[in-house]
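Here's the structure we're looking at; comments come further down.
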Amino acid sequence: MTEAGTTTGEAKKVRPIVPYLKLPEKEGEEAVLVGVRCKACGKAFLGERLVCPACTAVNQFEPVTFSRTGELYAYTIVHQSAPGIPVPYISAIIDLPEGVSVRANLVDVEPKPENLRFGMKVEMVTRKVREDSEGNDVIAFFFRPAEG
């Protein structure tokens with residue numbers, strides 16, 4: 001998924017919308033969220049850190065790959081947004097099993113309260129959201145209700 005052919009013969013590249021989204025490099029791999037866990041206190045965080053905001057340990061981190069599944073902690077159905085952004089959509093906070101929460105849009109479900117419940121199982125998906133100024137695909141992550 002790192003490259004796709006273009007009509008000009010050049011390889012089209014993809015890039016994540018945020019640094020803590022790691023896109024697959026080989027066939028069969030899945031995109032994941034990455035971060036660090038403090039070796040001193042055990043707290044996990046998305047992305048890189050130098051100092052632990054929980055215990056103030058310095059440079060005491062190990063890398064962690066977060067689960068692609070979690071639970072819906074909170075949500076809001078957005079009915080007014082910036083021009084060009086289709087509404088309504090669901091803005092959510094997802095709790096991951098590793099003890100972190102991530103903000104993401106909930107997709108593949110009609111934005112109605114009767115379709116949502118706190119604690120429902122969700123899974124991460126990625127989608128192209130735009131092209132950058134160089135023509136590369138920009139990939140973002142979302143969550144959707146988990147199958148099963």
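Residue names in the structure tokens use chain letters A, B, ... in the order shown, residue numbers from 1 in each chain, and ligand numbers from 1 in the order shown.
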**Item:** Residues within 7 Å of Val125 (chain A), only C-alpha atoms, excluding chain neighbours under 2 positions, as an MDAnalysis selection string
**Value:** chainID A and resid 123 127 141:143
Only N, CA and C atoms, please: the residues just picked out, written as a JSON list (two decimals), in the first residue's frame.
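So out-v3.json came out as:
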[["chain", "number", "residue", "atom", "x", "y", "z"],
["A", 123, "GLU", "N", -13.64, -0.96, 15.38],
["A", 123, "GLU", "CA", -12.37, -1.35, 14.78],
["A", 123, "GLU", "C", -11.86, -0.23, 13.88],
["A", 127, "ARG", "N", -8.59, 5.30, 5.23],
["A", 127, "ARG", "CA", -9.12, 5.73, 3.94],
["A", 127, "ARG", "C", -8.33, 6.94, 3.44],
["A", 141, "PHE", "N", -7.12, 7.72, 9.62],
["A", 141, "PHE", "CA", -7.74, 6.57, 10.30],
["A", 141, "PHE", "C", -9.09, 6.97, 10.84],
["A", 142, "PHE", "N", -9.98, 5.99, 10.89],
["A", 142, "PHE", "CA", -11.33, 6.13, 11.39],
["A", 142, "PHE", "C", -11.64, 4.87, 12.18],
["A", 143, "PHE", "N", -12.76, 4.86, 12.88],
["A", 143, "PHE", "CA", -13.24, 3.65, 13.50],
["A", 143, "PHE", "C", -14.65, 3.39, 13.00]]
Please provide the set of residues having any atom within 9 Å of region 60-65 of chain A, restricted to only C-alpha atoms, with same-chain residues fewer than 3 positions apart removed, written as a compact mmCIF listing (two decimals) with C-alpha atoms, in the first residue's frame.
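Just written: out.txt:
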# COMPACT_ATOMS: atom_id res chain seq x y z
CA VAL A 32 -1.68 0.60 13.06
CA LEU A 33 -1.43 3.39 15.60
CA VAL A 34 1.94 3.58 17.35
CA GLY A 35 3.27 5.28 20.43
CA VAL A 36 5.28 4.75 23.55
CA ARG A 37 4.88 3.29 27.03
CA CYS A 38 6.73 4.72 30.03
CA LYS A 39 8.95 2.07 31.60
CA ALA A 40 8.78 3.90 34.95
CA ALA A 44 0.99 4.65 27.25
CA PHE A 45 0.77 7.58 24.83
CA LEU A 46 0.18 8.05 21.11
CA GLU A 48 6.69 10.12 20.57
CA ARG A 49 7.52 11.62 23.98
CA LEU A 50 10.67 12.70 25.76
CA VAL A 51 9.14 13.23 29.21
CA CYS A 52 6.30 11.25 30.75
CA ALA A 57 10.44 10.25 33.88
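Take CA of Lys128 (chain A) and CA of Glu114 (chain A): the distance between them is 28.2 Å.
Going from CA of Pro111 (chain A) to CA of Pro88 (chain A) covers 6.6 Å.
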**Asked** region 15-134 of chain A: which residues are strand (DSSP E) by DSSP, as a ChimeraX atom specification?
**Response** /A:15-16,21-22,32-38,44-46,61-65,69-78,89-95,101-106,121-131
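Between CA of Asn115 (chain A) and CA of Ala74 (chain A) the separation is 13.5 Å.
For Val102 (chain A), the residues within 9 Å (counting only C-alpha atoms, excluding itself and residues fewer than 4 positions away along the chain) are A:Leu46, A:Ala92, A:Ile93, A:Ile94, A:Asp95, A:Leu96.
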**Message:** Please list as a PyMOL selection string every residue within 12 Å of Val87 (chain A), counting only C-alpha atoms and excluding residues in the same chain fewer than 2 positions away.
**Reply:** chain A and resi 77-85+89-91+105+110-111
**Message:** Quick one: residues within 12 Å of Arg15 (chain A), only C-alpha atoms, excluding same-chain residues fewer than 2 positions away - as a ChimeraX atom specification?
**Reply:** /A:1-3,12-13,17-25,31,126-132,134-141
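With distances restricted to only C-alpha atoms, A:Pro145 is the closest residue to Val109 (chain A) from A:Gly47, A:Gly28, A:Gly70, A:Pro145.
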**Prompt:** Taking into account only C-alpha atoms, which residue in the set A:Lys26, A:Lys121, A:Arg144, A:Lys112 is nearest to Leu72 (chain A)?
**Reply:** A:Lys121
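Distances here use only C-alpha atoms; by that measure, the residue among A:Val100, A:Cys41, A:Tyr75, A:Val58 closest to Leu116 (chain A) is A:Tyr75.
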